[in-house]
file target33.txt (compact mmCIF, C-alpha atoms)
# COMPACT_ATOMS: atom_id res chain seq x y z
CA MET G 1 50.68 -45.68 -66.84
CA SER G 2 51.44 -48.86 -68.74
CA ASN G 3 54.09 -51.47 -68.16
CA ASP G 4 56.36 -49.79 -70.76
CA LEU G 5 57.69 -47.55 -67.99
CA ALA G 6 60.27 -48.47 -65.36
CA ALA G 7 62.05 -46.49 -62.67
CA VAL G 8 65.64 -46.60 -61.45
CA VAL G 9 65.95 -45.18 -57.94
CA MET G 10 69.51 -44.27 -56.99
CA ALA G 11 70.08 -45.10 -53.32
CA GLY G 12 73.66 -46.28 -53.12
CA GLY G 13 75.33 -43.22 -51.60
CA LEU G 14 76.56 -43.07 -48.02
CA GLY G 15 75.51 -39.48 -47.35
CA THR G 16 78.59 -38.49 -45.35
CA ARG G 17 77.19 -35.01 -44.72
CA MET G 18 74.47 -36.58 -42.57
CA LYS G 19 77.26 -37.42 -40.08
CA SER G 20 75.65 -40.80 -39.47
CA ALA G 21 76.48 -44.49 -39.59
CA THR G 22 73.08 -44.97 -41.25
CA PRO G 23 73.13 -44.53 -45.05
CA LYS G 24 71.38 -41.31 -46.02
CA HIS G 25 68.58 -42.95 -47.98
CA LEU G 26 67.61 -45.14 -45.02
CA HIS G 27 67.04 -42.32 -42.54
CA PRO G 28 63.49 -42.40 -41.14
CA LEU G 29 61.03 -39.70 -42.08
CA LEU G 30 57.43 -39.74 -40.80
CA GLY G 31 57.18 -43.50 -40.68
CA ARG G 32 59.09 -44.34 -43.84
CA ARG G 33 62.71 -44.38 -44.86
CA MET G 34 63.72 -41.51 -47.11
CA VAL G 35 64.00 -43.74 -50.19
CA ASP G 36 60.62 -45.35 -49.47
CA TRP G 37 58.92 -42.00 -50.15
CA VAL G 38 60.49 -41.92 -53.61
CA VAL G 39 59.52 -45.52 -54.34
CA ARG G 40 55.95 -44.80 -53.20
CA ALA G 41 55.74 -41.71 -55.45
CA ALA G 42 56.81 -43.78 -58.46
CA ARG G 43 54.44 -46.62 -57.61
CA ASP G 44 51.50 -44.26 -57.03
CA ALA G 45 52.26 -42.68 -60.40
CA GLY G 46 51.64 -46.07 -61.99
CA VAL G 47 55.22 -47.33 -62.41
CA GLU G 48 55.14 -51.10 -62.13
CA ARG G 49 58.84 -51.99 -62.39
CA ILE G 50 61.08 -50.24 -59.88
CA VAL G 51 64.79 -50.99 -59.53
CA VAL G 52 66.57 -49.61 -56.47
CA VAL G 53 70.32 -49.21 -56.92
CA ALA G 54 71.94 -49.89 -53.56
CA SER G 55 75.42 -50.32 -52.15
CA PRO G 56 76.61 -53.82 -51.22
CA GLU G 57 76.11 -52.90 -47.56
CA SER G 58 72.52 -51.67 -47.92
CA ALA G 59 71.18 -54.04 -50.59
CA GLY G 60 69.63 -56.35 -48.00
CA SER G 61 67.61 -53.46 -46.59
CA PHE G 62 65.15 -53.75 -49.47
CA ASP G 63 64.24 -57.42 -49.08
CA GLY G 64 60.48 -57.84 -49.13
CA ASP G 65 59.83 -54.28 -50.31
CA GLY G 66 58.42 -55.30 -53.67
CA VAL G 67 61.25 -53.74 -55.65
CA GLU G 68 64.09 -55.14 -57.68
CA VAL G 69 67.57 -54.41 -56.36
CA ALA G 70 70.70 -53.72 -58.37
CA VAL G 71 74.03 -53.41 -56.57
CA GLN G 72 76.51 -50.66 -57.38
CA ARG G 73 79.75 -52.33 -56.35
CA GLU G 74 81.74 -49.10 -56.06
CA PRO G 75 80.50 -45.50 -55.64
CA LEU G 76 81.52 -44.36 -59.13
CA GLY G 77 78.88 -41.68 -59.68
CA THR G 78 75.29 -41.42 -60.83
CA GLY G 79 76.01 -42.61 -64.34
CA ASP G 80 77.50 -45.82 -63.01
CA ALA G 81 74.56 -46.19 -60.62
CA VAL G 82 72.01 -46.09 -63.44
CA ARG G 83 74.15 -48.38 -65.57
CA SER G 84 74.11 -50.90 -62.70
CA ALA G 85 70.36 -51.33 -63.28
CA HIS G 86 70.75 -52.30 -66.95
CA ASP G 87 70.77 -56.07 -66.38
CA ALA G 88 67.70 -55.86 -64.15
CA LEU G 89 65.81 -54.10 -66.96
CA ALA G 90 67.11 -56.28 -69.79
CA GLY G 91 64.32 -56.98 -72.25
CA MET G 92 62.26 -54.02 -71.13
CA HIS G 93 61.23 -51.63 -73.91
CA GLY G 94 59.85 -48.21 -73.15
CA ASP G 95 60.78 -45.31 -70.92
CA VAL G 96 63.09 -45.30 -67.91
CA LEU G 97 62.68 -42.84 -65.06
CA VAL G 98 65.84 -41.93 -63.19
CA LEU G 99 65.00 -40.84 -59.64
CA ASN G 100 67.14 -39.80 -56.72
CA GLY G 101 66.45 -41.66 -53.49
CA ASP G 102 67.00 -38.53 -51.40
CA VAL G 103 63.97 -36.56 -52.68
CA PRO G 104 61.20 -37.71 -50.32
CA ALA G 105 58.80 -34.86 -51.15
CA LEU G 106 58.48 -35.95 -54.78
CA THR G 107 54.80 -36.42 -55.66
CA PRO G 108 53.14 -38.97 -57.96
CA GLU G 109 51.53 -36.10 -59.84
CA LEU G 110 54.90 -34.58 -60.65
CA VAL G 111 56.31 -37.93 -61.78
CA HIS G 112 53.32 -38.39 -64.05
CA ALA G 113 53.62 -34.86 -65.46
CA LEU G 114 57.32 -35.36 -66.26
CA VAL G 115 56.58 -38.56 -68.18
CA GLN G 116 53.72 -36.90 -70.05
CA THR G 117 55.96 -33.97 -71.09
CA HIS G 118 58.57 -36.43 -72.32
CA ARG G 119 56.10 -38.48 -74.33
CA ALA G 120 54.39 -35.43 -75.81
CA SER G 121 57.75 -34.14 -77.04
CA ALA G 122 58.60 -37.45 -78.75
CA GLY G 123 62.24 -36.80 -77.90
CA ALA G 124 64.97 -38.92 -76.39
CA GLY G 125 64.27 -37.81 -72.85
CA ALA G 126 63.25 -35.07 -70.46
CA VAL G 127 64.77 -33.40 -67.45
CA LEU G 128 62.89 -32.14 -64.40
CA SER G 129 63.92 -28.60 -63.52
CA PHE G 130 63.02 -26.32 -60.61
CA GLU G 131 63.56 -22.73 -59.52
CA PRO G 132 64.80 -22.61 -55.90
CA ASP G 133 64.90 -19.40 -53.88
CA ASP G 134 68.67 -19.89 -53.60
CA VAL G 135 70.04 -21.54 -56.72
CA ARG G 136 73.45 -22.00 -55.02
CA ALA G 137 75.70 -24.47 -56.82
CA TYR G 138 72.98 -26.31 -58.72
CA GLY G 139 73.61 -26.95 -62.41
CA ARG G 140 71.82 -24.37 -64.54
CA ILE G 141 69.30 -25.30 -67.23
CA VAL G 142 70.07 -23.59 -70.55
CA ARG G 143 67.23 -23.85 -73.06
CA ASP G 144 67.32 -23.51 -76.83
CA GLY G 145 65.11 -21.22 -78.87
CA GLU G 146 62.25 -23.74 -78.79
CA GLY G 147 62.28 -24.21 -75.04
CA ARG G 148 64.03 -27.56 -75.13
CA LEU G 149 67.24 -28.37 -73.26
CA ALA G 150 70.34 -26.94 -74.89
CA ARG G 151 72.73 -27.95 -72.12
CA ILE G 152 73.19 -28.20 -68.38
CA VAL G 153 76.10 -26.15 -67.14
CA GLU G 154 77.59 -26.69 -63.71
CA ALA G 155 77.94 -23.59 -61.54
CA ALA G 156 81.73 -23.85 -61.51
CA ASP G 157 81.81 -23.79 -65.31
CA ALA G 158 79.04 -21.23 -65.88
CA SER G 159 79.55 -17.82 -67.38
CA PRO G 160 78.32 -14.74 -65.48
CA ALA G 161 75.23 -14.69 -67.69
CA GLU G 162 74.54 -18.38 -67.06
CA LEU G 163 74.92 -17.88 -63.32
CA GLU G 164 72.05 -15.42 -63.52
CA LEU G 165 69.74 -18.23 -64.67
CA HIS G 166 67.43 -19.44 -61.89
CA GLU G 167 66.22 -22.67 -63.47
CA ALA G 168 68.20 -25.55 -61.99
CA ASN G 169 68.65 -29.26 -62.67
CA SER G 170 66.89 -31.53 -60.15
CA GLY G 171 68.80 -34.63 -61.21
CA ILE G 172 65.54 -36.39 -62.11
CA TYR G 173 65.07 -37.58 -65.68
CA VAL G 174 63.13 -39.83 -68.01
CA PHE G 175 64.68 -41.46 -71.10
CA ARG G 176 63.67 -43.69 -73.92
CA ASP G 177 65.45 -46.91 -73.05
CA GLU G 178 67.02 -47.40 -76.49
CA LYS G 179 68.64 -43.96 -76.11
CA LEU G 180 69.67 -44.26 -72.45
CA TRP G 181 71.77 -47.42 -72.37
CA PRO G 182 74.04 -46.63 -75.35
CA ALA G 183 74.61 -43.12 -73.99
CA LEU G 184 75.59 -44.52 -70.59
CA ASP G 185 78.09 -46.84 -72.25
CA ARG G 186 79.75 -43.81 -73.88
CA LEU G 187 80.27 -41.90 -70.62
CA GLU G 188 83.80 -40.98 -69.67
CA PRO G 189 85.08 -39.96 -66.24
CA HIS G 190 85.88 -36.32 -65.53
CA ASN G 191 87.88 -36.74 -62.30
CA ALA G 192 90.60 -38.84 -60.73
CA GLN G 193 88.02 -40.97 -58.92
CA GLY G 194 86.72 -42.26 -62.24
CA GLU G 195 83.15 -41.15 -61.54
CA LEU G 196 80.53 -41.08 -64.27
CA TYR G 197 77.58 -38.67 -64.23
CA VAL G 198 74.16 -39.36 -65.69
CA THR G 199 73.87 -35.64 -66.49
CA ASP G 200 76.47 -36.12 -69.22
CA THR G 201 74.14 -38.47 -71.11
CA LEU G 202 71.97 -35.45 -71.93
CA GLY G 203 74.86 -33.70 -73.62
CA LEU G 204 75.63 -36.84 -75.60
CA LEU G 205 72.03 -37.16 -76.75
CA ILE G 206 71.72 -33.49 -77.74
CA GLY G 207 75.10 -33.60 -79.44
CA GLY G 208 73.85 -36.54 -81.49
CA GLY G 209 70.84 -34.59 -82.71
CA ASP G 210 68.24 -35.87 -80.24
CA ALA G 211 65.78 -33.57 -78.52
CA VAL G 212 65.49 -33.41 -74.72
CA ALA G 213 62.46 -31.74 -73.14
CA VAL G 214 62.31 -29.78 -69.91
CA HIS G 215 59.50 -29.98 -67.36
CA THR G 216 59.56 -27.42 -64.52
CA ALA G 217 58.38 -28.45 -61.05
CA PRO G 218 55.83 -25.95 -59.71
CA VAL G 219 57.05 -26.32 -56.10
CA ALA G 220 60.83 -26.15 -55.72
CA TRP G 221 61.27 -27.83 -52.34
CA GLU G 222 59.48 -30.95 -53.53
CA VAL G 223 62.43 -31.89 -55.75
CA GLU G 224 65.41 -30.71 -53.70
CA GLY G 225 67.63 -33.51 -52.46
CA ILE G 226 68.48 -33.96 -48.79
CA ASN G 227 72.12 -33.99 -47.74
CA THR G 228 72.11 -32.81 -44.11
CA ARG G 229 69.97 -33.33 -41.03
CA ALA G 230 68.95 -29.67 -41.23
CA GLU G 231 67.55 -30.26 -44.72
CA LEU G 232 65.87 -33.43 -43.46
CA ALA G 233 64.09 -31.45 -40.74
CA PHE G 234 63.03 -28.79 -43.26
CA VAL G 235 61.38 -31.32 -45.55
CA ALA G 236 59.93 -33.30 -42.62
CA ALA G 237 58.03 -30.22 -41.46
CA ARG G 238 56.55 -29.72 -44.90
CA LEU G 239 55.61 -33.37 -45.28
CA ARG G 240 53.97 -33.09 -41.86
CA ASP G 241 51.94 -30.16 -43.15
CA ARG G 242 50.98 -32.10 -46.27
CA ILE G 243 49.83 -35.11 -44.23
CA ASN G 244 47.91 -32.99 -41.72
CA GLU G 245 46.17 -31.03 -44.44
CA ALA G 246 45.02 -34.24 -46.12
CA HIS G 247 43.51 -35.47 -42.84
CA MET G 248 41.80 -32.16 -42.17
CA LEU G 249 40.32 -32.05 -45.66
CA ALA G 250 39.02 -35.57 -44.99
CA GLY G 251 37.12 -34.44 -41.89
CA VAL G 252 39.64 -34.70 -39.04
CA THR G 253 39.97 -31.83 -36.58
CA ILE G 254 43.65 -31.10 -35.86
CA VAL G 255 43.64 -28.31 -33.31
CA ASP G 256 47.24 -27.23 -33.88
CA PRO G 257 48.77 -28.73 -37.03
CA ALA G 258 52.18 -27.17 -36.32
CA THR G 259 52.62 -29.29 -33.18
CA THR G 260 50.97 -32.48 -34.44
CA TRP G 261 53.09 -35.15 -36.12
CA ILE G 262 51.32 -37.95 -37.96
CA ASP G 263 53.18 -40.66 -39.85
CA ALA G 264 52.31 -41.24 -43.48
CA ASP G 265 50.59 -44.60 -42.94
CA VAL G 266 48.40 -43.60 -39.97
CA GLN G 267 44.68 -43.93 -40.70
CA ILE G 268 42.21 -41.52 -39.07
CA GLU G 269 38.47 -41.56 -39.65
CA ALA G 270 36.37 -38.42 -40.01
CA ASP G 271 34.93 -36.57 -37.01
CA THR G 272 37.89 -37.24 -34.76
CA THR G 273 39.83 -34.62 -32.82
CA ILE G 274 43.61 -34.54 -32.48
CA GLN G 275 44.79 -32.18 -29.76
CA PRO G 276 48.15 -30.31 -29.78
CA PHE G 277 51.53 -31.98 -29.23
CA THR G 278 50.26 -35.39 -30.31
CA VAL G 279 52.45 -37.87 -32.21
CA LEU G 280 50.79 -40.72 -34.11
CA ARG G 281 53.28 -43.20 -35.53
CA GLY G 282 53.47 -46.41 -37.51
CA ALA G 283 50.25 -48.22 -38.40
CA THR G 284 48.14 -46.41 -35.78
CA THR G 285 44.43 -46.17 -36.54
CA VAL G 286 41.90 -43.77 -35.00
CA GLY G 287 38.15 -44.32 -35.18
CA THR G 288 35.33 -41.83 -35.61
CA GLY G 289 34.48 -39.76 -32.55
CA ALA G 290 37.80 -40.36 -30.80
CA GLU G 291 39.68 -37.53 -29.10
CA VAL G 292 43.44 -37.94 -28.82
CA GLY G 293 45.73 -35.67 -26.85
CA PRO G 294 47.14 -33.32 -25.93
CA HIS G 295 50.64 -34.74 -25.41
CA VAL G 296 49.87 -38.29 -26.58
CA VAL G 297 52.28 -40.64 -28.31
CA ALA G 298 50.71 -43.63 -30.07
CA VAL G 299 52.83 -46.16 -31.96
CA GLY G 300 51.12 -48.94 -33.87
CA ALA G 301 47.98 -48.63 -31.74
CA ALA G 302 44.34 -49.20 -32.68
CA ILE G 303 42.17 -46.45 -31.16
CA GLY G 304 38.49 -47.30 -31.54
CA ARG G 305 35.38 -45.20 -32.04
CA ASP G 306 34.53 -42.62 -29.37
CA VAL G 307 37.72 -43.35 -27.42
CA SER G 308 39.36 -40.73 -25.20
CA VAL G 309 43.16 -40.74 -24.94
CA GLY G 310 45.26 -38.42 -22.83
CA PRO G 311 46.48 -35.98 -21.93
CA PHE G 312 50.01 -37.33 -21.47
CA ALA G 313 49.39 -40.95 -22.50
CA TYR G 314 51.71 -43.41 -24.22
CA LEU G 315 50.21 -46.16 -26.39
CA ARG G 316 52.85 -48.65 -27.44
CA PRO G 317 52.63 -51.25 -30.22
CA GLY G 318 49.87 -53.82 -29.91
CA THR G 319 47.54 -51.58 -27.92
CA VAL G 320 43.86 -51.89 -28.86
CA LEU G 321 41.29 -49.55 -27.32
CA GLY G 322 37.70 -50.70 -27.72
CA GLU G 323 34.77 -48.45 -28.54
CA GLY G 324 34.06 -45.83 -25.89
CA SER G 325 37.06 -46.74 -23.74
CA LYS G 326 39.50 -44.35 -22.10
CA ALA G 327 43.25 -44.17 -21.53
CA GLY G 328 43.81 -41.10 -19.41
CA THR G 329 46.53 -38.99 -17.87
CA PHE G 330 49.96 -40.60 -17.45
CA VAL G 331 48.74 -43.99 -18.66
CA GLU G 332 51.09 -46.29 -20.55
CA LEU G 333 49.71 -49.27 -22.45
CA LYS G 334 51.78 -51.91 -24.21
CA LYS G 335 50.31 -54.89 -26.06
CA ALA G 336 47.13 -54.32 -24.10
CA ARG G 337 43.57 -54.92 -25.29
CA ILE G 338 41.12 -52.63 -23.53
CA GLY G 339 37.46 -53.60 -23.82
CA ALA G 340 34.58 -51.36 -24.86
CA ARG G 341 33.66 -48.67 -22.33
CA THR G 342 36.52 -49.72 -20.02
CA LYS G 343 38.41 -46.89 -18.37
CA VAL G 344 42.05 -46.60 -17.40
CA PRO G 345 41.84 -43.00 -16.20
CA HIS G 346 45.23 -42.19 -14.72
CA LEU G 347 48.70 -43.13 -13.51
CA SER G 348 48.75 -46.77 -14.62
CA TYR G 349 50.88 -49.16 -16.67
CA LEU G 350 49.23 -52.13 -18.34
CA GLY G 351 51.47 -54.34 -20.43
CA ASP G 352 50.63 -57.74 -21.95
CA ALA G 353 47.10 -57.37 -20.66
CA GLU G 354 43.56 -58.22 -21.74
CA ILE G 355 40.83 -56.17 -20.09
CA GLY G 356 37.14 -56.91 -20.61
CA GLU G 357 34.25 -54.54 -21.24
CA ASP G 358 32.86 -52.04 -18.71
CA THR G 359 35.78 -52.42 -16.30
CA ASN G 360 37.28 -49.58 -14.25
CA ILE G 361 41.02 -49.60 -13.59
CA ALA G 362 41.74 -47.38 -10.60
CA ALA G 363 44.73 -45.07 -10.21
CA GLY G 364 48.21 -46.51 -9.87
CA ASN G 365 47.55 -50.00 -11.28
CA ILE G 366 50.49 -51.96 -12.62
CA THR G 367 50.79 -55.26 -14.45
CA ALA G 368 54.09 -56.85 -13.42
CA ASN G 369 54.57 -58.71 -16.68
CA PHE G 370 58.35 -59.18 -16.68
CA PRO G 371 59.66 -62.12 -14.60
CA HIS G 372 62.93 -61.86 -12.69
CA GLU G 373 64.10 -65.32 -13.78
CA PRO G 374 66.15 -65.11 -17.00
CA GLY G 375 64.74 -66.80 -20.07
CA LEU G 376 61.12 -66.80 -18.97
CA PRO G 377 58.52 -65.15 -21.21
CA LYS G 378 56.48 -62.15 -20.15
CA GLY G 379 53.25 -63.06 -18.39
CA THR G 380 49.75 -62.01 -19.36
CA THR G 381 47.23 -60.38 -17.04
CA ARG G 382 43.58 -61.05 -17.89
CA ILE G 383 40.94 -58.93 -16.23
CA GLY G 384 37.32 -59.73 -17.03
CA ARG G 385 34.18 -57.70 -17.60
CA ASN G 386 32.71 -55.25 -15.09
CA VAL G 387 35.70 -55.50 -12.76
CA ARG G 388 36.50 -52.77 -10.21
CA THR G 389 40.16 -52.58 -9.26
CA GLY G 390 41.41 -50.57 -6.30
CA VAL G 391 43.95 -47.79 -6.03
CA ASP G 392 47.58 -48.98 -6.13
CA ASN G 393 46.99 -52.55 -7.31
CA THR G 394 49.78 -54.68 -8.73
CA PHE G 395 48.95 -57.76 -10.79
CA SER G 396 51.78 -60.28 -10.79
CA ALA G 397 51.41 -61.97 -14.16
CA PRO G 398 50.31 -64.48 -15.25
CA VAL G 399 47.05 -63.97 -13.41
CA ASP G 400 43.34 -64.03 -14.29
CA ILE G 401 40.68 -61.82 -12.69
CA GLY G 402 37.15 -63.08 -13.24
CA ASP G 403 34.12 -61.06 -14.35
CA ASP G 404 32.45 -58.76 -11.78
CA ALA G 405 35.35 -59.08 -9.30
CA TRP G 406 36.45 -56.28 -6.99
CA ILE G 407 40.05 -55.72 -5.90
CA ALA G 408 40.82 -54.00 -2.60
CA PRO G 409 43.11 -50.93 -2.56
CA GLY G 410 46.84 -51.43 -2.09
CA SER G 411 46.73 -55.11 -3.01
CA VAL G 412 49.31 -57.23 -4.80
CA ILE G 413 47.43 -59.90 -6.72
CA THR G 414 49.47 -63.06 -7.20
CA ASP G 415 46.69 -65.64 -7.67
CA ASP G 416 43.64 -65.94 -9.89
CA VAL G 417 40.46 -64.27 -8.63
CA PRO G 418 37.15 -66.11 -9.30
CA PRO G 419 34.22 -64.20 -10.85
CA GLY G 420 32.20 -62.08 -8.46
CA SER G 421 34.88 -62.20 -5.73
CA PHE G 422 36.37 -59.47 -3.55
CA ALA G 423 40.13 -60.01 -3.36
CA GLY G 424 43.28 -58.45 -2.02
CA PHE G 425 43.21 -56.75 1.37
CA ALA G 426 46.50 -55.18 2.30
CA PRO G 427 47.59 -55.53 5.97
CA ARG G 428 45.68 -53.34 8.38
CA GLN G 429 47.30 -50.09 9.39
CA GLN G 430 49.12 -50.00 12.72
CA ASN G 431 50.01 -46.82 14.63
CA LYS G 432 53.02 -46.82 17.00
CA GLU G 433 52.35 -43.66 18.92
CA GLY G 434 55.33 -41.53 19.84
CA TRP G 435 57.81 -43.91 18.19
CA VAL G 436 59.61 -41.11 16.27
CA TYR G 437 59.96 -38.90 19.35
CA GLU G 438 61.25 -41.83 21.43
CA LYS G 439 63.87 -42.71 18.83
CA HIS G 440 64.97 -39.25 17.71
CA GLY G 441 63.58 -36.75 20.19
CA LYS G 442 61.25 -33.85 19.53
CA PRO G 443 62.21 -31.00 17.11
CA ASP G 444 63.58 -27.81 18.68
CA ARG G 445 60.35 -25.96 17.96
CA ASP G 446 58.52 -28.20 20.44
CA ARG G 447 60.97 -27.85 23.34

call {"tool": "encode", "arguments": {"input": "target33.txt", "output": "structure tokens"}}
result
Amino acid sequence: MSNDLAAVVMAGGLGTRMKSATPKHLHPLLGRRMVDWVVRAARDAGVERIVVVASPESAGSFDGDGVEVAVQREPLGTGDAVRSAHDALAGMHGDVLVLNGDVPALTPELVHALVQTHRASAGAGAVLSFEPDDVRAYGRIVRDGEGRLARIVEAADASPAELELHEANSGIYVFRDEKLWPALDRLEPHNAQGELYVTDTLGLLIGGGDAVAVHTAPVAWEVEGINTRAELAFVAARLRDRINEAHMLAGVTIVDPATTWIDADVQIEADTTIQPFTVLRGATTVGTGAEVGPHVVAVGAAIGRDVSVGPFAYLRPGTVLGEGSKAGTFVELKKARIGARTKVPHLSYLGDAEIGEDTNIAAGNITANFPHEPGLPKGTTRIGRNVRTGVDNTFSAPVDIGDDAWIAPGSVITDDVPPGSFAGFAPRQQNKEGWVYEKHGKPDRDR
């Protein structure tokens, strides 16, 4: 699309039915805020200028997002929200999309189709309609004899015949800008709160002899707004399915898509396998040949080619797993770089660590990276190439372990270990025979 198209995204509401201190449009959904999905749909449809209408409290939430922000000073309805974006779009000539920030399943293809219907009709605007399974209290679309919009009637004002109509108003529109702004200026409030509704602009345009087209969404749930956490979960599951299907069609094996949650910005190469109950979040990347899961959570981690992760592993932000490495059962990694072919098979925590290639980290290894003294930074543990640690090792950071070193079982490493050295050596075991019986006597069974 050309630069003669802009979008106004309404995201100023509080969303009281979410029962949350977080504004509705900022609730997270598969790695993005709800409103970010709408912005992305508009941008991917080719819209270059996007104005987000926010409340005074949430306006700062969009800094650095590549959008313009208009502030709706008071919550005076959708008409006032769109009117708040007028100054931001001053001098722009073309078409203006009006999008709701609580419709995260909206697709770029549908945005594009709505604009094309509008432009083909050569009218003043177009409304996006849909046909939900339960039309509930949605405003009904009433068409004229030529299939254009005759009016939108709210359920409370509809006649019995109009209530039988199943085509509903999504609240998403596109207008010619020279028709939109004058119509908004003519809006009048219909309640004691003084709220203005963008829907009323359609009636004003039609009443003035302008034509308004209707474009029907083929999939109803993609344009339904979210008002409750139950509706959020419903849409989240379908976005999950959409994301998983795209990965599978691109060559990724997802063993059980219904139990696999992958954020929108995760990148997975072909010929990888994602096992059930795996959650991949943030900017996680997965290389070809890797197998992840089951029961793995990865957040902002880089999983290299031919890597094995899990089961029951937790990869926290900053984790990098080199080619052919392994993070096994009950392993937690945080800001840890694991070299190629290095293995961390089980029951270990490595945080703020750099591990070289071809090293084996035995069971129960811990990097003690957090100092007791307040104000001191976390320490880094560096373990070189071809190192063999022992069972139940603790590395008291900062500490460096040289290449080819061995660490004895049960050791607490507090000092650097030179390359090729054997270090550690817990105290030798001592047996005090009969000590328990002497102190506490023998159990009754032995008397």

call {"tool": "atom_distance", "arguments": {"input": "target33.txt", "atom1": "atom CA of Leu239 of chain G", "atom2": "atom CA of Val38 of chain G"}}
result
12.9 Å

call {"tool": "closest_atom_pairs", "arguments": {"input": "target33.txt", "of": "segment 93-211 of chain G", "to": "segment 17-29 of chain G", "cutoff": "10 Å", "atoms": "all atoms listed in the file", "output": "CSV"}}
result
residue,atom,partner,partner_atom,distance
G:Asn100,CA,G:His25,CA,9.4
G:Gly101,CA,G:His25,CA,6.0
G:Asp102,CA,G:His25,CA,5.8
G:Val103,CA,G:His25,CA,9.2
G:Pro104,CA,G:Leu29,CA,8.5

call {"tool": "residues_near_point", "arguments": {"input": "target33.txt", "point": "(51.7, -48.7, -41.2)", "cutoff": "6 Å", "atoms": "only C-alpha atoms", "output": "list in words"}}
result
Asp265, Gly282 and Ala283 of chain G

call {"tool": "closest_residue", "arguments": {"input": "target33.txt", "among": "G:Glu245, G:Val279, G:Val153, G:Ser170", "to": "Asp200 of chain G", "atoms": "all atoms listed in the file"}}
result
G:Val153

call {"tool": "closest_residue", "arguments": {"input": "target33.txt", "among": "G:Gly147, G:Pro294, G:Pro443, G:Gly91", "to": "Ala211 of chain G", "atoms": "only C-alpha atoms"}}
result
G:Gly147

call {"tool": "closest_residue", "arguments": {"input": "target33.txt", "among": "G:Phe62, G:Trp406, G:Trp181, G:Tyr138", "to": "Met92 of chain G", "atoms": "only C-alpha atoms"}}
result
G:Trp181

call {"tool": "atom_distance", "arguments": {"input": "target33.txt", "atom1": "atom CA of Arg388 of chain G", "atom2": "atom CA of Glu323 of chain G"}}
result
18.9 Å

call {"tool": "atom_distance", "arguments": {"input": "target33.txt", "atom1": "atom CA of Thr329 of chain G", "atom2": "atom CA of Ala313 of chain G"}}
result
5.8 Å

call {"tool": "residues_near_point", "arguments": {"input": "target33.txt", "point": "(70.6, -27.3, -61.8)", "cutoff": "10 Å", "atoms": "all atoms listed in the file", "output": "list of chain:residue names"}}
result
G:Leu128, G:Ser129, G:Phe130, G:Glu131, G:Pro132, G:Val135, G:Arg136, G:Ala137, G:Tyr138, G:Gly139, G:Arg140, G:Ile141, G:Val142, G:Ile152, G:Val153, G:Glu154, G:Ala155, G:Leu165, G:His166, G:Glu167, G:Ala168, G:Asn169, G:Ser170, G:Gly171

call {"tool": "residues_around", "arguments": {"input": "target33.txt", "residues": "segment 185-194 of chain G", "least_positions_apart": "4", "cutoff": "10 Å", "atoms": "only C-alpha atoms", "output": "PDB file with C-alpha atoms, keeping the file's coordinate frame"}}
result
ATOM      1  CA  PRO G  75      80.500 -45.500 -55.640  1.00  0.00           C
ATOM      2  CA  LEU G  76      81.520 -44.360 -59.130  1.00  0.00           C
ATOM      3  CA  GLY G  77      78.880 -41.680 -59.680  1.00  0.00           C
ATOM      4  CA  GLY G  79      76.010 -42.610 -64.340  1.00  0.00           C
ATOM      5  CA  ASP G  80      77.500 -45.820 -63.010  1.00  0.00           C
ATOM      6  CA  ARG G  83      74.150 -48.380 -65.570  1.00  0.00           C
ATOM      7  CA  LEU G 180      69.670 -44.260 -72.450  1.00  0.00           C
ATOM      8  CA  TRP G 181      71.770 -47.420 -72.370  1.00  0.00           C
ATOM      9  CA  VAL G 198      74.160 -39.360 -65.690  1.00  0.00           C
ATOM     10  CA  THR G 199      73.870 -35.640 -66.490  1.00  0.00           C
ATOM     11  CA  ASP G 200      76.470 -36.120 -69.220  1.00  0.00           C
ATOM     12  CA  THR G 201      74.140 -38.470 -71.110  1.00  0.00           C
ATOM     13  CA  LEU G 204      75.630 -36.840 -75.600  1.00  0.00           C
TER      14      LEU G 204
END

call {"tool": "residues_around", "arguments": {"input": "target33.txt", "residues": "Ala6 of chain G", "least_positions_apart": "3", "cutoff": "7 Å", "atoms": "only C-alpha atoms", "output": "PDB file with C-alpha atoms, in the frame of the given file"}}
result
ATOM      1  CA  VAL G  47      55.220 -47.330 -62.410  1.00  0.00           C
ATOM      2  CA  GLU G  48      55.140 -51.100 -62.130  1.00  0.00           C
ATOM      3  CA  ARG G  49      58.840 -51.990 -62.390  1.00  0.00           C
ATOM      4  CA  ILE G  50      61.080 -50.240 -59.880  1.00  0.00           C
ATOM      5  CA  ASP G  95      60.780 -45.310 -70.920  1.00  0.00           C
ATOM      6  CA  VAL G  96      63.090 -45.300 -67.910  1.00  0.00           C
ATOM      7  CA  LEU G  97      62.680 -42.840 -65.060  1.00  0.00           C
TER       8      LEU G  97
END

call {"tool": "axis_aligned_box", "arguments": {"input": "target33.txt", "around": "segment 382-391 of chain G", "padding_each_side": "5 Å", "output": "AutoDock Vina command-line options"}}
result
--center_x 38.3 --center_y -54.4 --center_z -12.0 --size_x 21.2 --size_y 23.3 --size_z 21.9

call {"tool": "closest_residue", "arguments": {"input": "target33.txt", "among": "G:Leu333, G:Ala105, G:Val35, G:Ala54", "to": "Gly12 of chain G", "atoms": "all atoms listed in the file"}}
result
G:Ala54

call {"tool": "residues_around", "arguments": {"input": "target33.txt", "residues": "Pro409 of chain G", "least_positions_apart": "3", "cutoff": "10 Å", "atoms": "all atoms listed in the file", "output": "PyMOL selection string"}}
result
chain G and resi 362-365+389-394+406+412+423-426
